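Novice: Would you mind keeping the following structure in view while I ask a few things?
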Amino acid sequence: MLVVLAALVFFMFRNSRKRQKDQAALQAQMVAGAEVMTNFGMHGTILSIDEEANKVALEIAPGTVVQLHRQTIARVIEPTVAESEDAPVAEIGQDTAGVMNEPEFGQRVADADTDEEPKKGDA
């Protein structure tokens with residue numbers, strides 16, 4: 001019984017230290033100009049951080065600034081690396097060989113070599 005209790009206490013302290021380390025890393029990444037996401041899913045750019053009042057000025061749209069509590073910032077969004085411009089881009093609806101792909105879901109395909117009437121279940 002005591003071994004189980006000791007293991008439970010050990011894992012509780014370990015998890016709390018891990019959360020504190022993650023929170024410290026997030027606070028270090030939060031600087032003016034960083035793209036962030038809040039706990040409630042709002043994305044924006046940090047304009048300023050007030051350390052004393054624990055507030056962040058977040059620009060969610062051009063000219064729209066909201067004041068949030070600093071702890072509502074869930075994560076800092078890392079910029080994604082764009083694909084190189086040298087890579088060939090396939091046209092929509094065609095694969096790289098230039099042949100039409102399979103039809104989209106719900107899209108009908110006219111078959112030129114059959115003269116069948118539509119079946120009862122066909123719309």
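Residues are named by chain letter and number: chains run A, B, ... in the order of the structure tokens, numbers start at 1 in each chain, and ligands are numbered from 1 in the order shown.
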Quick one: residues within 8 Å of Leu47 (chain A), only C-alpha atoms counted, chain neighbours fewer than 5 positions away excluded, as a VMD selection string?

Specialist: chain A and resid 32 to 33 56 to 59

Novice: If you keep N, CA and C atoms, can you produce a file of those selected residues as a PDB file, in the first residue's frame?

Specialist:
```
ATOM      1  N   ALA A  32       6.462  40.489 -28.228  1.00  0.00           N
ATOM      2  CA  ALA A  32       5.691  41.326 -29.148  1.00  0.00           C
ATOM      3  C   ALA A  32       5.990  40.908 -30.585  1.00  0.00           C
ATOM      4  N   GLY A  33       4.930  40.728 -31.386  1.00  0.00           N
ATOM      5  CA  GLY A  33       5.072  40.334 -32.775  1.00  0.00           C
ATOM      6  C   GLY A  33       4.864  38.849 -33.011  1.00  0.00           C
ATOM      7  N   VAL A  56      -2.177  41.068 -22.013  1.00  0.00           N
ATOM      8  CA  VAL A  56      -1.570  41.029 -23.342  1.00  0.00           C
ATOM      9  C   VAL A  56      -2.489  41.786 -24.286  1.00  0.00           C
ATOM     10  N   ALA A  57      -1.928  42.684 -25.088  1.00  0.00           N
ATOM     11  CA  ALA A  57      -2.680  43.357 -26.150  1.00  0.00           C
ATOM     12  C   ALA A  57      -2.522  42.499 -27.399  1.00  0.00           C
ATOM     13  N   LEU A  58      -3.644  41.942 -27.868  1.00  0.00           N
ATOM     14  CA  LEU A  58      -3.630  41.004 -28.990  1.00  0.00           C
ATOM     15  C   LEU A  58      -4.403  41.600 -30.152  1.00  0.00           C
ATOM     16  N   GLU A  59      -3.756  41.704 -31.310  1.00  0.00           N
ATOM     17  CA  GLU A  59      -4.422  42.200 -32.516  1.00  0.00           C
ATOM     18  C   GLU A  59      -4.997  40.998 -33.251  1.00  0.00           C
TER      19      GLU A  59
END
```

Novice: Using only C-alpha atoms, which residues sit within 12 Å of region 36-38 of chain A once same-chain residues fewer than 5 positions away are excluded, as an mmCIF file with all heavy atoms, in the first residue's frame?

Specialist:
```cif
data_model
loop_
_atom_site.group_PDB
_atom_site.id
_atom_site.type_symbol
_atom_site.label_atom_id
_atom_site.label_comp_id
_atom_site.auth_asym_id
_atom_site.auth_seq_id
_atom_site.Cartn_x
_atom_site.Cartn_y
_atom_site.Cartn_z
ATOM 1 N N LEU A 26 6.722 28.512 -22.731
ATOM 2 C CA LEU A 26 5.727 29.308 -23.444
ATOM 3 C C LEU A 26 5.891 30.791 -23.138
ATOM 4 O O LEU A 26 5.831 31.631 -24.033
ATOM 5 C CB LEU A 26 4.313 28.852 -23.078
ATOM 6 C CG LEU A 26 3.172 29.665 -23.673
ATOM 7 C CD1 LEU A 26 3.135 29.497 -25.183
ATOM 8 C CD2 LEU A 26 1.850 29.257 -23.060
ATOM 9 N N GLN A 27 6.119 31.115 -21.861
ATOM 10 C CA GLN A 27 6.295 32.518 -21.479
ATOM 11 C C GLN A 27 7.541 33.114 -22.138
ATOM 12 O O GLN A 27 7.560 34.297 -22.479
ATOM 13 C CB GLN A 27 6.395 32.643 -19.949
ATOM 14 C CG GLN A 27 5.148 32.233 -19.201
ATOM 15 C CD GLN A 27 3.948 33.103 -19.521
ATOM 16 O OE1 GLN A 27 4.080 34.302 -19.741
ATOM 17 N NE2 GLN A 27 2.779 32.493 -19.548
ATOM 18 N N GLN A 29 8.639 32.326 -25.100
ATOM 19 C CA GLN A 29 8.346 32.532 -26.522
ATOM 20 C C GLN A 29 7.395 33.691 -26.757
ATOM 21 O O GLN A 29 7.315 34.201 -27.873
ATOM 22 C CB GLN A 29 7.731 31.271 -27.121
ATOM 23 C CG GLN A 29 8.677 30.125 -27.264
ATOM 24 C CD GLN A 29 7.984 28.901 -27.852
ATOM 25 O OE1 GLN A 29 6.761 28.778 -27.802
ATOM 26 N NE2 GLN A 29 8.768 27.996 -28.407
ATOM 27 N N MET A 30 6.659 34.101 -25.729
ATOM 28 C CA MET A 30 5.680 35.189 -25.899
ATOM 29 C C MET A 30 6.390 36.532 -25.896
ATOM 30 O O MET A 30 6.799 37.031 -24.854
ATOM 31 C CB MET A 30 4.620 35.144 -24.789
ATOM 32 C CG MET A 30 3.624 34.070 -24.980
ATOM 33 S SD MET A 30 2.194 34.073 -23.898
ATOM 34 C CE MET A 30 2.494 35.233 -22.651
ATOM 35 N N VAL A 31 6.556 37.088 -27.075
ATOM 36 C CA VAL A 31 7.165 38.399 -27.248
ATOM 37 C C VAL A 31 6.296 39.190 -28.213
ATOM 38 O O VAL A 31 5.461 38.618 -28.928
ATOM 39 C CB VAL A 31 8.612 38.303 -27.800
ATOM 40 C CG1 VAL A 31 9.535 37.650 -26.790
ATOM 41 C CG2 VAL A 31 8.649 37.555 -29.107
ATOM 42 N N HIS A 43 -6.974 33.469 -32.801
ATOM 43 C CA HIS A 43 -5.611 33.663 -33.275
ATOM 44 C C HIS A 43 -5.345 35.148 -33.403
ATOM 45 O O HIS A 43 -6.230 35.928 -33.741
ATOM 46 C CB HIS A 43 -5.408 33.012 -34.648
ATOM 47 C CG HIS A 43 -5.451 31.521 -34.593
ATOM 48 N ND1 HIS A 43 -4.320 30.764 -34.617
ATOM 49 C CD2 HIS A 43 -6.485 30.658 -34.493
ATOM 50 C CE1 HIS A 43 -4.657 29.492 -34.556
ATOM 51 N NE2 HIS A 43 -5.972 29.401 -34.489
ATOM 52 N N GLY A 44 -4.109 35.562 -33.165
ATOM 53 C CA GLY A 44 -3.759 36.961 -33.298
ATOM 54 C C GLY A 44 -2.270 37.175 -33.124
ATOM 55 O O GLY A 44 -1.498 36.236 -32.940
ATOM 56 N N THR A 45 -1.891 38.454 -33.163
ATOM 57 C CA THR A 45 -0.500 38.858 -33.019
ATOM 58 C C THR A 45 -0.360 39.679 -31.748
ATOM 59 O O THR A 45 -1.150 40.598 -31.506
ATOM 60 C CB THR A 45 -0.058 39.711 -34.223
ATOM 61 O OG1 THR A 45 -0.303 38.962 -35.418
ATOM 62 C CG2 THR A 45 1.411 40.061 -34.141
ATOM 63 N N ILE A 46 0.635 39.363 -30.939
ATOM 64 C CA ILE A 46 0.870 40.107 -29.700
ATOM 65 C C ILE A 46 1.443 41.471 -30.046
ATOM 66 O O ILE A 46 2.440 41.572 -30.760
ATOM 67 C CB ILE A 46 1.839 39.345 -28.774
ATOM 68 C CG1 ILE A 46 1.211 38.040 -28.313
ATOM 69 C CG2 ILE A 46 2.220 40.209 -27.578
ATOM 70 C CD1 ILE A 46 2.123 37.185 -27.450
ATOM 71 N N LEU A 47 0.793 42.523 -29.539
ATOM 72 C CA LEU A 47 1.307 43.875 -29.728
ATOM 73 C C LEU A 47 2.160 44.303 -28.550
ATOM 74 O O LEU A 47 3.214 44.903 -28.718
ATOM 75 C CB LEU A 47 0.161 44.862 -29.932
ATOM 76 C CG LEU A 47 -0.668 44.670 -31.202
ATOM 77 C CD1 LEU A 47 -1.764 45.708 -31.271
ATOM 78 C CD2 LEU A 47 0.202 44.729 -32.428
ATOM 79 N N VAL A 56 -2.177 41.068 -22.013
ATOM 80 C CA VAL A 56 -1.570 41.029 -23.342
ATOM 81 C C VAL A 56 -2.489 41.786 -24.286
ATOM 82 O O VAL A 56 -3.700 41.558 -24.285
ATOM 83 C CB VAL A 56 -1.394 39.572 -23.821
ATOM 84 C CG1 VAL A 56 -0.901 39.522 -25.253
ATOM 85 C CG2 VAL A 56 -0.466 38.808 -22.918
ATOM 86 N N ALA A 57 -1.928 42.684 -25.088
ATOM 87 C CA ALA A 57 -2.680 43.357 -26.150
ATOM 88 C C ALA A 57 -2.522 42.499 -27.399
ATOM 89 O O ALA A 57 -1.416 42.308 -27.902
ATOM 90 C CB ALA A 57 -2.155 44.759 -26.387
ATOM 91 N N LEU A 58 -3.644 41.942 -27.868
ATOM 92 C CA LEU A 58 -3.630 41.004 -28.990
ATOM 93 C C LEU A 58 -4.403 41.600 -30.152
ATOM 94 O O LEU A 58 -5.567 41.971 -30.008
ATOM 95 C CB LEU A 58 -4.258 39.674 -28.552
ATOM 96 C CG LEU A 58 -4.168 38.510 -29.503
ATOM 97 C CD1 LEU A 58 -2.735 38.025 -29.596
ATOM 98 C CD2 LEU A 58 -5.051 37.383 -29.014
ATOM 99 N N GLU A 59 -3.756 41.704 -31.310
ATOM 100 C CA GLU A 59 -4.422 42.200 -32.516
ATOM 101 C C GLU A 59 -4.997 40.998 -33.251
ATOM 102 O O GLU A 59 -4.269 40.150 -33.753
ATOM 103 C CB GLU A 59 -3.446 42.951 -33.409
ATOM 104 C CG GLU A 59 -4.116 43.546 -34.629
ATOM 105 C CD GLU A 59 -3.157 44.331 -35.499
ATOM 106 O OE1 GLU A 59 -1.983 43.940 -35.598
ATOM 107 O OE2 GLU A 59 -3.599 45.345 -36.072
ATOM 108 N N ILE A 60 -6.353 40.920 -33.309
ATOM 109 C CA ILE A 60 -7.007 39.781 -33.932
ATOM 110 C C ILE A 60 -7.394 40.057 -35.378
ATOM 111 O O ILE A 60 -7.649 39.124 -36.132
ATOM 112 C CB ILE A 60 -8.240 39.339 -33.116
ATOM 113 C CG1 ILE A 60 -9.204 40.492 -32.941
ATOM 114 C CG2 ILE A 60 -7.805 38.770 -31.782
ATOM 115 C CD1 ILE A 60 -10.501 40.107 -32.270
ATOM 116 N N VAL A 66 -7.577 43.475 -28.679
ATOM 117 C CA VAL A 66 -8.275 43.053 -27.469
ATOM 118 C C VAL A 66 -7.248 42.880 -26.358
ATOM 119 O O VAL A 66 -6.091 42.556 -26.601
ATOM 120 C CB VAL A 66 -9.062 41.740 -27.680
ATOM 121 C CG1 VAL A 66 -10.198 41.934 -28.651
ATOM 122 C CG2 VAL A 66 -8.159 40.630 -28.148
ATOM 123 N N GLN A 67 -7.697 43.117 -25.120
ATOM 124 C CA GLN A 67 -6.865 42.911 -23.943
ATOM 125 C C GLN A 67 -7.235 41.575 -23.324
ATOM 126 O O GLN A 67 -8.403 41.327 -23.035
ATOM 127 C CB GLN A 67 -7.105 44.035 -22.921
ATOM 128 C CG GLN A 67 -6.704 45.407 -23.398
ATOM 129 C CD GLN A 67 -5.192 45.579 -23.440
ATOM 130 O OE1 GLN A 67 -4.473 45.024 -22.624
ATOM 131 N NE2 GLN A 67 -4.726 46.339 -24.415
ATOM 132 N N LEU A 68 -6.259 40.703 -23.133
ATOM 133 C CA LEU A 68 -6.486 39.380 -22.574
ATOM 134 C C LEU A 68 -5.567 39.156 -21.382
ATOM 135 O O LEU A 68 -4.505 39.769 -21.286
ATOM 136 C CB LEU A 68 -6.187 38.297 -23.617
ATOM 137 C CG LEU A 68 -6.986 38.313 -24.900
ATOM 138 C CD1 LEU A 68 -6.420 37.298 -25.865
ATOM 139 C CD2 LEU A 68 -8.433 38.005 -24.618
ATOM 140 N N HIS A 69 -5.987 38.248 -20.500
ATOM 141 C CA HIS A 69 -5.099 37.815 -19.430
ATOM 142 C C HIS A 69 -3.980 36.996 -20.048
ATOM 143 O O HIS A 69 -4.197 36.239 -21.000
ATOM 144 C CB HIS A 69 -5.876 36.985 -18.398
ATOM 145 C CG HIS A 69 -5.128 36.787 -17.130
ATOM 146 N ND1 HIS A 69 -4.204 35.782 -16.973
ATOM 147 C CD2 HIS A 69 -5.162 37.475 -15.966
ATOM 148 C CE1 HIS A 69 -3.700 35.851 -15.757
ATOM 149 N NE2 HIS A 69 -4.266 36.871 -15.120
ATOM 150 N N ARG A 70 -2.810 37.119 -19.510
ATOM 151 C CA ARG A 70 -1.638 36.477 -20.095
ATOM 152 C C ARG A 70 -1.750 34.954 -20.110
ATOM 153 O O ARG A 70 -1.244 34.295 -21.016
ATOM 154 C CB ARG A 70 -0.409 36.911 -19.302
ATOM 155 C CG ARG A 70 0.882 36.484 -19.903
ATOM 156 C CD ARG A 70 2.020 37.073 -19.132
ATOM 157 N NE ARG A 70 3.269 36.646 -19.736
ATOM 158 C CZ ARG A 70 4.432 37.167 -19.436
ATOM 159 N NH1 ARG A 70 4.506 38.126 -18.548
ATOM 160 N NH2 ARG A 70 5.502 36.737 -20.016
ATOM 161 N N GLN A 71 -2.425 34.378 -19.139
ATOM 162 C CA GLN A 71 -2.510 32.924 -19.057
ATOM 163 C C GLN A 71 -3.506 32.324 -20.045
ATOM 164 O O GLN A 71 -3.579 31.117 -20.170
ATOM 165 C CB GLN A 71 -2.864 32.491 -17.644
ATOM 166 C CG GLN A 71 -1.735 32.717 -16.678
ATOM 167 C CD GLN A 71 -2.085 32.283 -15.272
ATOM 168 O OE1 GLN A 71 -3.250 32.151 -14.932
ATOM 169 N NE2 GLN A 71 -1.071 32.072 -14.459
ATOM 170 N N THR A 72 -4.270 33.154 -20.755
ATOM 171 C CA THR A 72 -5.187 32.605 -21.758
ATOM 172 C C THR A 72 -4.479 32.270 -23.062
ATOM 173 O O THR A 72 -5.075 31.651 -23.939
ATOM 174 C CB THR A 72 -6.345 33.577 -22.064
ATOM 175 O OG1 THR A 72 -5.812 34.794 -22.567
ATOM 176 C CG2 THR A 72 -7.196 33.819 -20.838
ATOM 177 N N ILE A 73 -3.204 32.659 -23.195
ATOM 178 C CA ILE A 73 -2.439 32.300 -24.393
ATOM 179 C C ILE A 73 -2.081 30.822 -24.284
ATOM 180 O O ILE A 73 -1.381 30.400 -23.366
ATOM 181 C CB ILE A 73 -1.161 33.146 -24.530
ATOM 182 C CG1 ILE A 73 -1.492 34.635 -24.519
ATOM 183 C CG2 ILE A 73 -0.387 32.744 -25.775
ATOM 184 C CD1 ILE A 73 -2.310 35.119 -25.671
ATOM 185 N N ALA A 74 -2.589 30.015 -25.224
ATOM 186 C CA ALA A 74 -2.374 28.576 -25.170
ATOM 187 C C ALA A 74 -1.048 28.177 -25.798
ATOM 188 O O ALA A 74 -0.329 27.337 -25.268
ATOM 189 C CB ALA A 74 -3.516 27.841 -25.870
ATOM 190 N N ARG A 75 -0.732 28.777 -26.965
ATOM 191 C CA ARG A 75 0.519 28.406 -27.616
ATOM 192 C C ARG A 75 0.935 29.472 -28.608
ATOM 193 O O ARG A 75 0.124 30.260 -29.090
ATOM 194 C CB ARG A 75 0.413 27.057 -28.305
ATOM 195 C CG ARG A 75 -0.592 27.009 -29.420
ATOM 196 C CD ARG A 75 -0.652 25.622 -30.004
ATOM 197 N NE ARG A 75 -1.795 25.528 -30.885
ATOM 198 C CZ ARG A 75 -1.781 24.888 -32.022
ATOM 199 N NH1 ARG A 75 -0.704 24.261 -32.413
ATOM 200 N NH2 ARG A 75 -2.849 24.840 -32.773
ATOM 201 N N VAL A 76 2.211 29.447 -28.925
ATOM 202 C CA VAL A 76 2.778 30.334 -29.932
ATOM 203 C C VAL A 76 2.802 29.554 -31.235
ATOM 204 O O VAL A 76 3.277 28.421 -31.289
ATOM 205 C CB VAL A 76 4.198 30.788 -29.533
ATOM 206 C CG1 VAL A 76 4.822 31.623 -30.630
ATOM 207 C CG2 VAL A 76 4.158 31.560 -28.225
ATOM 208 N N ILE A 77 2.238 30.147 -32.290
ATOM 209 C CA ILE A 77 2.157 29.500 -33.598
ATOM 210 C C ILE A 77 3.487 29.683 -34.309
ATOM 211 O O ILE A 77 3.952 30.798 -34.512
ATOM 212 C CB ILE A 77 1.026 30.096 -34.459
ATOM 213 C CG1 ILE A 77 -0.295 30.098 -33.718
ATOM 214 C CG2 ILE A 77 0.941 29.394 -35.798
ATOM 215 C CD1 ILE A 77 -0.826 28.736 -33.408
ATOM 216 N N GLU A 78 4.090 28.562 -34.694
ATOM 217 C CA GLU A 78 5.346 28.608 -35.441
ATOM 218 C C GLU A 78 5.013 28.811 -36.914
ATOM 219 O O GLU A 78 4.091 28.190 -37.429
ATOM 220 C CB GLU A 78 6.117 27.296 -35.274
ATOM 221 C CG GLU A 78 6.509 26.992 -33.843
ATOM 222 C CD GLU A 78 7.512 27.979 -33.290
ATOM 223 O OE1 GLU A 78 8.344 28.480 -34.062
ATOM 224 O OE2 GLU A 78 7.449 28.254 -32.084
ATOM 225 N N PRO A 79 5.741 29.660 -37.610
ATOM 226 C CA PRO A 79 5.483 29.831 -39.051
ATOM 227 C C PRO A 79 5.797 28.546 -39.798
ATOM 228 O O PRO A 79 6.792 27.883 -39.518
ATOM 229 C CB PRO A 79 6.415 30.965 -39.466
ATOM 230 C CG PRO A 79 7.432 31.062 -38.389
ATOM 231 C CD PRO A 79 6.823 30.488 -37.138
#
```

Novice: Rounded to one decimal, what separation in Å do you get between CA of Asp50 (chain A) and CA of Asn15 (chain A)?

Specialist: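 Separation between CA of Asp50 (chain A) and CA of Asn15 (chain A): 28.8 Å.
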
Novice: Mind pulling up the distance from CA of Lys21 (chain A) to CA of Met42 (chain A)?

Specialist: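 One can read the CA of Met42 (chain A) to CA of Lys21 (chain A) distance as 24.0 Å.
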